[in-house]
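**Student:** For reference, the file input03.txt (compact mmCIF, C-alpha atoms) is included below:
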# COMPACT_ATOMS: atom_id res chain seq x y z
CA MET A 425 -66.35 19.87 -26.35
CA PRO A 426 -65.63 19.15 -30.05
CA GLY A 427 -62.38 20.63 -31.23
CA THR A 428 -60.89 21.03 -27.74
CA LEU A 429 -58.42 18.15 -28.06
CA THR A 430 -56.61 17.93 -31.37
CA ALA A 431 -53.75 15.97 -32.89
CA PRO A 432 -51.06 15.08 -30.36
CA THR A 433 -48.64 17.91 -29.73
CA ALA A 434 -46.71 18.96 -26.63
CA THR A 435 -49.39 21.50 -25.78
CA THR A 436 -52.30 19.13 -26.38
CA ASP A 437 -50.71 16.46 -24.19
CA LYS A 438 -50.58 18.94 -21.36
CA PHE A 439 -54.23 19.86 -21.80
CA SER A 440 -55.21 16.19 -21.85
CA HIS A 441 -54.28 15.93 -18.17
CA VAL A 442 -56.21 19.05 -17.08
CA GLN A 443 -58.94 18.19 -14.59
CA ASP A 444 -59.15 21.43 -12.61
CA PHE A 445 -57.77 24.96 -12.57
CA ASP A 446 -54.58 23.94 -10.74
CA ASP A 447 -53.77 21.58 -13.61
CA LEU A 448 -54.39 24.35 -16.11
CA LEU A 449 -52.09 26.64 -14.13
CA GLU A 450 -49.33 24.02 -14.49
CA VAL A 451 -49.58 24.38 -18.27
CA VAL A 452 -48.55 28.06 -18.13
CA GLY A 453 -46.28 27.72 -15.07
CA SER A 454 -47.64 27.58 -11.54
CA TYR A 455 -44.54 28.90 -9.78
CA GLY A 456 -42.32 30.58 -12.30
CA ARG A 457 -41.00 34.06 -12.89
CA TYR A 458 -44.48 35.59 -12.93
CA GLN A 459 -45.44 34.23 -9.49
CA LYS A 460 -42.08 35.13 -7.98
CA GLN A 461 -42.41 38.69 -9.22
CA MET A 462 -45.87 38.81 -7.65
CA LEU A 463 -44.47 37.43 -4.40
CA TYR A 464 -41.49 39.77 -4.00
CA LEU A 465 -42.81 42.89 -5.72
CA PHE A 466 -46.45 42.82 -4.62
CA PHE A 467 -47.50 40.32 -1.96
CA MET A 468 -44.68 40.69 0.57
CA PRO A 469 -44.49 44.52 0.28
CA ALA A 470 -48.28 44.66 0.63
CA CYS A 471 -48.16 42.59 3.84
CA PHE A 472 -45.34 44.77 5.21
CA PHE A 473 -47.11 48.08 4.62
CA ILE A 474 -50.57 46.84 5.63
CA ALA A 475 -49.19 45.79 9.03
CA PHE A 476 -47.35 49.10 9.24
CA THR A 477 -50.51 51.09 8.50
CA MET A 478 -52.72 49.14 10.90
CA ASN A 479 -50.32 49.36 13.83
CA LEU A 480 -49.70 53.08 13.42
CA PHE A 481 -53.27 53.51 14.62
CA LEU A 482 -52.38 51.92 17.99
CA PHE A 483 -49.55 54.41 18.57
CA GLN A 484 -51.92 57.27 17.82
CA MET A 485 -54.26 56.09 20.59
CA VAL A 486 -51.70 55.83 23.42
CA VAL A 487 -52.82 57.50 26.66
CA PRO A 488 -49.67 58.77 28.43
CA ASP A 489 -49.43 59.59 32.14
CA TYR A 490 -51.25 62.81 32.98
CA TRP A 491 -52.08 65.00 35.96
CA CYS A 492 -53.91 68.19 36.83
CA HIS A 493 -52.15 71.41 35.95
CA ALA A 494 -51.57 73.37 39.14
CA PRO A 495 -50.40 76.88 38.17
CA GLY A 496 -47.72 78.67 40.11
CA ARG A 497 -44.67 76.40 40.21
CA LYS A 498 -42.61 79.00 38.34
CA ASN A 499 -43.11 81.29 41.33
CA THR A 500 -41.35 78.77 43.57
CA SER A 501 -38.01 77.00 43.66
CA LEU A 502 -39.60 73.56 43.80
CA SER A 503 -38.75 70.80 41.34
CA VAL A 504 -41.45 69.11 39.29
CA ALA A 505 -41.44 66.07 41.60
CA GLU A 506 -41.69 68.27 44.70
CA TRP A 507 -44.52 70.26 43.13
CA HIS A 508 -46.39 67.04 42.37
CA ASN A 509 -46.02 65.82 45.94
CA LEU A 510 -47.31 69.17 47.15
CA THR A 511 -50.25 69.65 44.80
CA ARG A 512 -51.47 66.12 43.98
CA PRO A 513 -53.34 64.10 46.62
CA ARG A 514 -52.50 60.45 47.07
CA SER A 515 -54.97 57.60 46.87
CA SER A 516 -55.71 56.13 50.28
CA GLU A 517 -55.87 52.65 48.71
CA THR A 518 -52.87 52.58 46.35
CA GLY A 519 -50.78 55.47 47.59
CA LYS A 520 -50.39 56.74 44.03
CA LEU A 521 -50.61 60.41 43.13
CA SER A 522 -54.00 61.37 41.71
CA SER A 523 -54.29 62.19 38.01
CA CYS A 524 -57.71 63.85 38.22
CA LEU A 525 -57.63 65.82 41.48
CA ARG A 526 -55.35 68.49 42.93
CA TYR A 527 -54.99 70.69 45.96
CA GLU A 528 -55.71 74.40 45.77
CA ILE A 529 -52.65 76.63 46.00
CA ASN A 530 -53.08 80.04 47.54
CA PHE A 531 -50.40 82.62 46.63
CA ILE A 532 -49.97 85.73 48.76
CA SER A 533 -47.84 88.62 47.47
CA ASP A 534 -45.62 90.18 50.13
CA GLY A 535 -43.68 93.03 48.57
CA ASN A 536 -41.06 91.63 46.23
CA ALA A 537 -41.62 88.11 47.50
CA SER A 538 -44.54 85.77 47.39
CA ARG A 539 -45.69 83.13 49.80
CA TYR A 540 -47.96 80.22 49.08
CA SER A 541 -50.03 77.86 51.12
CA VAL A 542 -51.71 74.59 50.24
CA ILE A 543 -55.40 74.40 50.99
CA ASN A 544 -56.12 70.83 52.07
CA GLU A 545 -59.16 70.55 49.85
CA THR A 546 -59.19 68.67 46.57
CA LYS A 547 -60.65 70.04 43.38
CA GLU A 548 -60.98 68.85 39.80
CA CYS A 549 -58.62 69.85 37.01
CA SER A 550 -60.17 73.25 36.36
CA ASP A 551 -56.95 74.53 34.77
CA GLY A 552 -56.48 71.59 32.43
CA TRP A 553 -53.94 68.78 32.43
CA GLU A 554 -50.28 68.20 31.87
CA PHE A 555 -48.98 65.13 30.08
CA ASP A 556 -45.88 63.00 30.10
CA THR A 557 -44.24 63.85 26.75
CA SER A 558 -41.17 61.66 27.16
CA GLN A 559 -42.49 59.26 24.50
CA PHE A 560 -45.16 61.17 22.56
CA SER A 561 -45.50 64.89 22.08
CA ALA A 562 -49.22 64.46 21.32
CA THR A 563 -51.72 61.62 21.00
CA VAL A 564 -55.43 61.59 20.23
CA ALA A 565 -56.19 61.44 23.96
CA THR A 566 -54.00 64.44 24.84
CA THR A 567 -55.29 66.50 21.91
CA LEU A 568 -58.99 65.85 22.51
CA GLY A 569 -58.77 65.72 26.31
CA TRP A 570 -59.81 62.09 26.70
CA VAL A 571 -58.69 61.81 30.31
CA CYS A 572 -60.26 61.35 33.74
CA GLU A 573 -64.04 61.02 33.30
CA ARG A 574 -63.51 61.01 29.50
CA ASP A 575 -60.75 58.37 29.44
CA HIS A 576 -63.18 55.70 28.22
CA TYR A 577 -63.39 57.46 24.85
CA SER A 578 -60.03 56.01 23.85
CA HIS A 579 -61.37 52.50 24.47
CA PHE A 580 -64.61 53.30 22.63
CA THR A 581 -62.60 54.57 19.65
CA LEU A 582 -60.53 51.39 19.54
CA SER A 583 -63.77 49.41 19.69
CA ALA A 584 -65.30 51.52 16.91
CA SER A 585 -62.27 50.84 14.71
CA MET A 586 -62.44 47.10 15.40
CA ALA A 587 -66.19 47.14 14.70
CA GLY A 588 -65.43 48.73 11.33
CA ASN A 589 -62.81 46.05 10.80
CA ALA A 590 -65.36 43.31 11.51
CA VAL A 591 -67.99 44.83 9.20
CA GLY A 592 -65.50 45.55 6.42
CA THR A 593 -63.97 42.08 6.62
CA PHE A 594 -67.44 40.61 6.14
CA VAL A 595 -68.93 42.98 3.55
CA LEU A 596 -66.02 43.85 1.25
CA PRO A 597 -64.80 40.27 0.57
CA LEU A 598 -68.43 39.31 -0.01
CA LEU A 599 -68.69 42.04 -2.64
CA ALA A 600 -65.39 40.84 -4.11
CA ASP A 601 -66.56 37.24 -4.40
CA LYS A 602 -70.03 37.91 -5.74
CA TYR A 603 -69.74 41.05 -7.84
CA VAL A 604 -66.56 43.02 -8.50
CA GLY A 605 -63.55 40.78 -7.90
CA ARG A 606 -60.47 40.87 -5.69
CA ARG A 607 -58.56 43.52 -7.64
CA LEU A 608 -61.12 46.32 -7.38
CA ILE A 609 -61.86 45.68 -3.69
CA PHE A 610 -58.12 45.83 -2.93
CA PHE A 611 -58.00 49.37 -4.32
CA VAL A 612 -61.32 50.26 -2.68
CA ALA A 613 -59.80 49.31 0.69
CA LEU A 614 -56.76 51.48 0.03
CA GLY A 615 -59.01 54.37 -0.95
CA LEU A 616 -61.19 53.99 2.16
CA HIS A 617 -58.16 54.37 4.39
CA VAL A 618 -57.04 57.55 2.63
CA VAL A 619 -60.50 59.14 2.46
CA PHE A 620 -61.31 58.55 6.13
CA THR A 621 -57.88 59.35 7.54
CA VAL A 622 -57.60 62.89 6.18
CA PRO A 623 -60.65 64.28 8.10
CA LEU A 624 -59.22 63.00 11.40
CA LEU A 625 -56.54 65.69 11.20
CA TRP A 626 -59.02 68.46 12.02
CA VAL A 627 -62.10 66.76 13.53
CA THR A 628 -62.44 67.61 17.23
CA GLY A 629 -65.89 66.20 18.05
CA THR A 630 -65.73 62.92 19.96
CA ILE A 631 -68.69 61.18 18.29
CA LEU A 632 -67.63 62.28 14.80
CA HIS A 633 -64.08 61.08 15.49
CA MET A 634 -65.42 57.65 16.46
CA VAL A 635 -67.66 57.47 13.38
CA ILE A 636 -64.74 58.27 11.11
CA ARG A 637 -62.58 55.69 12.90
CA PHE A 638 -65.32 53.12 12.24
CA LEU A 639 -65.36 54.00 8.53
CA GLN A 640 -61.58 53.99 8.41
CA GLY A 641 -61.60 50.54 10.02
CA LEU A 642 -63.63 49.12 7.13
CA SER A 643 -60.44 48.83 5.10
CA PHE A 644 -58.34 47.05 7.75
CA GLN A 645 -57.67 43.39 6.93
CA THR A 646 -59.57 43.62 3.64
CA HIS A 647 -56.58 44.86 1.64
CA TYR A 648 -54.54 42.03 3.15
CA LEU A 649 -57.23 39.45 2.38
CA MET A 650 -57.54 40.62 -1.22
CA SER A 651 -53.79 40.56 -1.83
CA LEU A 652 -53.63 37.14 -0.15
CA ALA A 653 -56.48 35.72 -2.23
CA THR A 654 -55.10 37.16 -5.47
CA PHE A 655 -51.68 35.62 -4.93
CA MET A 656 -52.88 32.29 -3.52
CA GLU A 657 -55.04 31.72 -6.58
CA LEU A 658 -51.99 32.06 -8.84
CA ILE A 659 -49.79 29.45 -7.14
CA PRO A 660 -50.11 25.68 -6.64
CA PRO A 661 -51.42 24.26 -3.33
CA GLU A 662 -48.00 22.96 -2.25
CA ARG A 663 -46.57 26.53 -2.34
CA ARG A 664 -49.31 28.18 -0.31
CA ALA A 665 -47.89 27.31 3.12
CA LEU A 666 -44.61 29.01 2.10
CA ALA A 667 -46.52 32.06 0.88
CA VAL A 668 -48.42 32.36 4.18
CA MET A 669 -45.17 32.05 6.15
CA LEU A 670 -43.55 34.80 4.07
CA SER A 671 -46.62 37.00 4.54
CA PHE A 672 -46.35 36.60 8.34
CA LEU A 673 -42.65 37.38 8.15
CA SER A 674 -43.33 40.56 6.19
CA TRP A 675 -46.15 41.44 8.59
CA THR A 676 -43.79 41.10 11.58
CA PHE A 677 -41.19 43.37 10.01
CA GLY A 678 -43.96 45.87 9.23
CA MET A 679 -44.99 45.92 12.90
CA CYS A 680 -41.38 46.44 14.00
CA PHE A 681 -40.97 49.27 11.51
CA THR A 682 -44.08 50.89 12.98
CA ALA A 683 -42.41 51.11 16.38
CA LEU A 684 -39.35 52.76 14.86
CA VAL A 685 -41.41 55.35 12.97
CA ALA A 686 -43.54 56.10 16.06
CA TRP A 687 -40.37 56.66 18.07
CA LEU A 688 -38.97 59.02 15.43
CA VAL A 689 -42.28 60.83 14.84
CA PRO A 690 -43.99 61.20 18.26
CA HIS A 691 -47.06 63.20 17.14
CA TRP A 692 -50.28 61.36 16.29
CA GLN A 693 -51.33 63.67 13.46
CA HIS A 694 -47.97 63.22 11.73
CA LEU A 695 -48.34 59.44 12.14
CA ALA A 696 -51.81 59.63 10.59
CA ILE A 697 -50.39 61.47 7.59
CA ILE A 698 -47.57 58.93 7.26
CA SER A 699 -50.14 56.09 7.30
CA ILE A 700 -51.70 57.52 4.14
CA PHE A 701 -48.59 57.16 1.99
CA PRO A 702 -48.49 53.32 1.77
CA SER A 703 -52.12 53.37 0.57
CA LEU A 704 -51.35 56.01 -2.02
CA LEU A 705 -48.30 54.07 -3.19
CA GLY A 706 -50.51 50.99 -3.48
CA PHE A 707 -52.28 52.61 -6.42
CA LEU A 708 -49.05 52.24 -8.39
CA TYR A 709 -50.13 48.60 -8.81
CA TRP A 710 -53.24 49.69 -10.72
CA ARG A 711 -51.78 48.90 -14.15
CA PHE A 712 -49.93 45.75 -13.09
CA LEU A 713 -52.11 43.90 -10.56
CA PRO A 714 -54.22 41.28 -12.36
CA GLU A 715 -57.65 40.07 -11.43
CA SER A 716 -57.79 36.51 -10.19
CA PRO A 717 -58.24 34.30 -13.27
CA ARG A 718 -60.08 31.78 -11.07
CA TRP A 719 -62.62 34.44 -10.07
CA LEU A 720 -63.01 35.55 -13.69
CA LEU A 721 -63.69 31.95 -14.69
CA SER A 722 -66.27 31.57 -11.89
CA LYS A 723 -68.11 34.55 -13.38
CA GLY A 724 -68.00 33.16 -16.91
CA LYS A 725 -65.41 35.70 -18.11
CA VAL A 726 -63.44 33.17 -20.09
CA ARG A 727 -61.66 35.60 -22.40
CA GLN A 728 -60.35 37.80 -19.57
CA SER A 729 -59.21 34.71 -17.65
CA ALA A 730 -57.41 33.44 -20.75
CA ASP A 731 -55.68 36.82 -21.19
CA ILE A 732 -54.13 36.56 -17.73
CA LEU A 733 -53.15 32.90 -18.08
CA LEU A 734 -51.50 33.54 -21.44
CA ASN A 735 -49.61 36.47 -19.94
CA ILE A 736 -48.44 34.21 -17.10
CA GLY A 737 -47.26 31.64 -19.61
CA ALA A 738 -45.38 34.26 -21.67
CA THR A 739 -43.65 35.63 -18.55
CA ASN A 740 -42.74 32.16 -17.31
CA GLY A 741 -41.41 31.09 -20.71
CA ALA A 742 -43.88 28.20 -20.94
CA PRO A 743 -44.46 26.48 -24.28
CA LEU A 744 -46.69 28.57 -26.51
CA VAL A 745 -50.40 27.89 -25.99
CA SER A 746 -52.93 29.13 -28.51
CA ARG A 747 -55.74 31.34 -27.28
CA THR A 748 -58.31 29.07 -28.93
CA LYS A 749 -57.17 26.00 -27.00
CA MET A 750 -56.86 27.93 -23.76
CA GLU A 751 -60.38 29.34 -24.02
CA ALA A 752 -61.75 25.95 -25.03
CA GLN A 753 -60.23 24.34 -21.93
CA LEU A 754 -61.52 27.16 -19.71
CA HIS A 755 -65.02 26.57 -21.08
CA VAL A 756 -64.71 22.91 -20.08
CA LEU A 757 -63.64 23.87 -16.55
CA MET A 758 -66.43 26.41 -16.28
CA LEU A 759 -69.01 23.73 -17.06
CA ARG A 760 -67.48 21.48 -14.40
CA GLN A 761 -67.84 24.07 -11.65
CA PRO A 762 -70.16 22.96 -8.85
CA VAL A 763 -73.44 24.80 -8.42
CA ALA A 764 -73.27 27.49 -5.76
CA GLN A 765 -74.97 26.50 -2.51
CA PRO A 766 -76.53 28.84 0.09
CA LEU A 767 -74.94 29.09 3.53
CA SER A 768 -78.02 27.41 4.99
CA ALA A 769 -76.92 24.18 3.26
CA LEU A 770 -74.43 23.78 6.12
CA LEU A 771 -77.28 22.81 8.41
CA ALA A 772 -77.62 19.48 6.62
CA TYR A 773 -74.15 18.49 7.87
CA PRO A 774 -73.87 18.70 11.70
CA LYS A 775 -70.09 18.22 11.83
CA LEU A 776 -69.52 20.88 9.16
CA THR A 777 -71.91 23.23 10.97
CA THR A 778 -70.01 22.74 14.24
CA ARG A 779 -66.70 23.51 12.57
CA ALA A 780 -68.14 26.61 10.90
CA VAL A 781 -69.42 27.90 14.25
CA MET A 782 -66.03 27.22 15.88
CA LEU A 783 -64.22 29.12 13.13
CA LEU A 784 -66.67 32.02 13.44
CA LEU A 785 -66.06 32.25 17.21
CA MET A 786 -62.30 32.05 16.74
Can the structure in the file be given as structure tokens, please?

**Tutor:**
Amino acid sequence: MPGTLTAPTATTDKFSHVQDFDDLLEVVGSYGRYQKQMLYLFFMPACFFIAFTMNLFLFQMVVPDYWCHAPGRKNTSLSVAEWHNLTRPRSSETGKLSSCLRYEINFISDGNASRYSVINETKECSDGWEFDTSQFSATVATTLGWVCERDHYSHFTLSASMAGNAVGTFVLPLLADKYVGRRLIFFVALGLHVVFTVPLLWVTGTILHMVIRFLQGLSFQTHYLMSLATFMELIPPERRALAVMLSFLSWTFGMCFTALVAWLVPHWQHLAIISIFPSLLGFLYWRFLPESPRWLLSKGKVRQSADILLNIGATNGAPLVSRTKMEAQLHVLMLRQPVAQPLSALLAYPKLTTRAVMLLLM
């Protein structure tokens, strides 16, 4: 374009070597103070707390050991173990005490004393269940009674959450790429988790609980993918492997921290409330998290892309670049962008199609 390259200066020489966006990023600093601040103050904390939030869900869904409540032990001198051996039938195949059947106990008052007898006939848990509370005082299963013939509801709920994860991971990044950008979808994912976690604290219906878990699952992975994409598009290719490694490291520490919190707070509703706070804190990034300048350029938003690149250069202490030259170079790169192709174009390349199918299955 006329006027893009001018008389030789330090800045112009740098622009003369720009062939793609990575080259342009080198002009303002591809791994300087700005990117390191993003790494340590945004990307790694985001990975830590996203892993923490996602894994808290698993601790909420634990199904502890349980057994039928057989009233009357307080009227005897038997220990808990002795009472179990007396009131719980054993499986003829495994020899284990039953969790869903019990013997009938018949108490007979005899003056100031009472006698009991065990009726050798099994019955269902008509008086409810008791649960092993050595690890968790309450979980979703113990609160909603998802035991015995209802124990599959815990698995269905996990499946509903993962189904939401699958749908959200497909739909939300697609919206980010085509319409609204990475930044907004990152905050949408945080908001989805908050909005669909709060109702779980009082919902008791099984189907409604599963529906809300599906909607809550829409946000899982998406906030990680958006933070990953935002950061990756601000650093050079040779630094991306390091960034992924640090994200996995932060993720691992987040998972470990989840176990500690679940041990200290053994009630699922309290864990659900705790899971909201990282998402709420994530909104503190609202004023500071930039949109991806690459995405802005792909949508023809040259001025907004230039704003972010100039801010990166100022933070990194790069040589001063004029807005006019920056926007002119961005216009050149925008015209060089390849034309978008539909997904069906893969079918023209058998090897590429095979790889795409393999990645989809994985």

**Student:** Per residue of segment 670-731 of chain A within 9 Å of segment 478-494 of chain A, what are the shortest atom pair and its distance in Å to one decimal, counting only C-alpha atoms, with rows by chain and residue number, as a Markdown table?

**Tutor:**
| residue | atom | partner | partner_atom | distance |
| --- | --- | --- | --- | --- |
| A:Gly678 | CA | A:Asn479 | CA | 8.6 |
| A:Met679 | CA | A:Asn479 | CA | 6.4 |
| A:Thr682 | CA | A:Leu480 | CA | 6.0 |
| A:Ala683 | CA | A:Leu480 | CA | 8.1 |
| A:Val685 | CA | A:Leu480 | CA | 8.6 |
| A:Ala686 | CA | A:Phe483 | CA | 6.7 |
| A:Pro690 | CA | A:Phe483 | CA | 8.8 |
| A:His691 | CA | A:Gln484 | CA | 7.7 |
| A:Trp692 | CA | A:Gln484 | CA | 4.7 |
| A:Gln693 | CA | A:Gln484 | CA | 7.8 |
| A:Leu695 | CA | A:Leu480 | CA | 6.6 |
| A:Ala696 | CA | A:Leu480 | CA | 7.4 |
| A:Ile698 | CA | A:Leu480 | CA | 8.8 |
| A:Ser699 | CA | A:Leu480 | CA | 6.8 |

**Student:** Have a look at A:Val635, A:Phe620, A:Ile474, A:Thr628 and name the one nearest to Trp675 of chain A; count only C-alpha atoms.

**Tutor:**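 Using only C-alpha atoms, Trp675 of chain A sits closest to A:Ile474.
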
**Student:** Can you check which parts of segment 562-670 of chain A lie within 9 Å of segment 700-712 of chain A? Per residue, the shortest pair of atoms and distance in Å to one decimal, counting only C-alpha atoms, sorted by chain and number, as a Markdown table.

**Tutor:**
| residue | atom | partner | partner_atom | distance |
| --- | --- | --- | --- | --- |
| A:Arg607 | CA | A:Trp710 | CA | 8.7 |
| A:Phe611 | CA | A:Phe707 | CA | 6.9 |
| A:Ala613 | CA | A:Ser703 | CA | 8.7 |
| A:Leu614 | CA | A:Ser703 | CA | 5.0 |
| A:Gly615 | CA | A:Ser703 | CA | 7.1 |
| A:His617 | CA | A:Ile700 | CA | 7.2 |
| A:Val618 | CA | A:Ile700 | CA | 5.5 |
| A:Thr621 | CA | A:Ile700 | CA | 7.3 |
| A:Val622 | CA | A:Ile700 | CA | 8.2 |

**Student:** From the set A:Leu744, A:Ala470, A:Leu757, A:Leu639, which residue has the shortest atom-to-atom contact distance to Gly724 of chain A, counting all atoms listed in the file?

**Tutor:**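 Of all the options, A:Leu757 lies closest to Gly724 of chain A.
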
**Student:** Using all atoms listed in the file, find each residue in segment 544-628 of chain A having at least one atom no more than 12 Å away from segment 496-509 of chain A; report its shortest atom-to-atom pair and that distance in Å (one decimal), rows by chain then rising number, as a Markdown table.

**Tutor:**
| residue | atom | partner | partner_atom | distance |
| --- | --- | --- | --- | --- |
| A:Asp551 | CA | A:Gly496 | CA | 11.4 |
| A:Glu554 | CA | A:His508 | CA | 11.3 |
| A:Asp556 | CA | A:Val504 | CA | 11.9 |

**Student:** Quick one: of A:Leu713, A:Ala764, A:Leu754, A:Ala590, who's nearest to Gln443 of chain A, counting all atoms listed in the file?

**Tutor:**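 For Gln443 of chain A, the nearest of the given residues is A:Leu754.
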
**Student:** Could you check which of A:Met786, A:Val571, A:Leu688, A:Val668 is closest to Gln559 of chain A, using only C-alpha atoms?

**Tutor:**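 Of A:Met786, A:Val571, A:Leu688, A:Val668, the one nearest Gln559 of chain A, counting only C-alpha atoms, is A:Leu688.
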
**Student:** A:Ile732, A:Ala772, A:Leu784, A:Ile609: which is nearest Thr646 of chain A, counting only C-alpha atoms?

**Tutor:**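 So, comparing all the options, the nearest one is A:Ile609.
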
**Student:** Hey, can I get the axis-aligned box for segment 742-749 of chain A? All listed atoms, 6 Å padding on each side, centre and edge lengths in Å to one decimal, as AutoDock Vina command-line options.

**Tutor:**
--center_x -51.1 --center_y 28.7 --center_z -24.9 --size_x 26.4 --size_y 17.3 --size_z 20.0

**Student:** Restricting the calculation to only C-alpha atoms, which member of A:Val604, A:Leu625, A:Val452, A:Ala769 is positioned closest to Asn740 of chain A?

**Tutor:**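 Closest to Asn740 of chain A of all the choices is A:Val452.
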
**Student:** Can you tell me, as number ranges by chain, what residues are no more than 12 Å from Phe445 of chain A when counting only C-alpha atoms, ignoring any on the same chain fewer than 4 positions away?

**Tutor:** A: 439, 441, 449-452, 454, 657-661, 716-722, 729-730, 733, 750, 753-758, 760-761

**Student:** Report the distance between atom CA of Ile697 of chain A and atom CA of Ser671 of chain A in Å, rounded to one decimal place.

**Tutor:**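 Separation of atom CA of Ile697 of chain A and atom CA of Ser671 of chain A: 24.9 Å.
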
**Student:** Counting all atoms listed in the file, which residues have an atom no more than 12 Å from (-63.7, 72.2, 39.9) in the file's coordinates? Please list them as a list in words.

**Tutor:** Cys492, Cys524, Leu525, Arg526, Tyr527, Glu528, Glu545, Thr546, Lys547, Glu548, Cys549, Ser550, Asp551 and Gly552 of chain A

**Student:** Counting only C-alpha atoms, I want the residues whose atoms come within 12 Å of (-42.9, 26.0, -17.5) in the file frame, returned as a list of chain:residue names.

**Tutor:**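 Nearby residues: A:Thr435, A:Lys438, A:Leu448, A:Leu449, A:Glu450, A:Val451, A:Val452, A:Gly453, A:Ser454, A:Tyr455, A:Gly456, A:Arg457, A:Tyr458, A:Gln459, A:Ile736, A:Gly737, A:Ala738, A:Thr739, A:Asn740, A:Gly741, A:Ala742, A:Pro743, A:Leu744, A:Val745.
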
**Student:** Could you save the residues just selected, with C-alpha atoms, as a PDB file, in the coordinates of the input?

**Tutor:**
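The result, stored in selection28.pdb:
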ATOM      1  CA  THR A 435     -49.390  21.500 -25.780  1.00  0.00           C
ATOM      2  CA  LYS A 438     -50.580  18.940 -21.360  1.00  0.00           C
ATOM      3  CA  LEU A 448     -54.390  24.350 -16.110  1.00  0.00           C
ATOM      4  CA  LEU A 449     -52.090  26.640 -14.130  1.00  0.00           C
ATOM      5  CA  GLU A 450     -49.330  24.020 -14.490  1.00  0.00           C
ATOM      6  CA  VAL A 451     -49.580  24.380 -18.270  1.00  0.00           C
ATOM      7  CA  VAL A 452     -48.550  28.060 -18.130  1.00  0.00           C
ATOM      8  CA  GLY A 453     -46.280  27.720 -15.070  1.00  0.00           C
ATOM      9  CA  SER A 454     -47.640  27.580 -11.540  1.00  0.00           C
ATOM     10  CA  TYR A 455     -44.540  28.900  -9.780  1.00  0.00           C
ATOM     11  CA  GLY A 456     -42.320  30.580 -12.300  1.00  0.00           C
ATOM     12  CA  ARG A 457     -41.000  34.060 -12.890  1.00  0.00           C
ATOM     13  CA  TYR A 458     -44.480  35.590 -12.930  1.00  0.00           C
ATOM     14  CA  GLN A 459     -45.440  34.230  -9.490  1.00  0.00           C
ATOM     15  CA  ILE A 736     -48.440  34.210 -17.100  1.00  0.00           C
ATOM     16  CA  GLY A 737     -47.260  31.640 -19.610  1.00  0.00           C
ATOM     17  CA  ALA A 738     -45.380  34.260 -21.670  1.00  0.00           C
ATOM     18  CA  THR A 739     -43.650  35.630 -18.550  1.00  0.00           C
ATOM     19  CA  ASN A 740     -42.740  32.160 -17.310  1.00  0.00           C
ATOM     20  CA  GLY A 741     -41.410  31.090 -20.710  1.00  0.00           C
ATOM     21  CA  ALA A 742     -43.880  28.200 -20.940  1.00  0.00           C
ATOM     22  CA  PRO A 743     -44.460  26.480 -24.280  1.00  0.00           C
ATOM     23  CA  LEU A 744     -46.690  28.570 -26.510  1.00  0.00           C
ATOM     24  CA  VAL A 745     -50.400  27.890 -25.990  1.00  0.00           C
TER      25      VAL A 745
END

**Student:** How far is it from atom CA of Gln728 of chain A to atom CA of Ala665 of chain A, in Å with one decimal?

**Tutor:**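 Computing it gives 27.9 Å between the two atoms.
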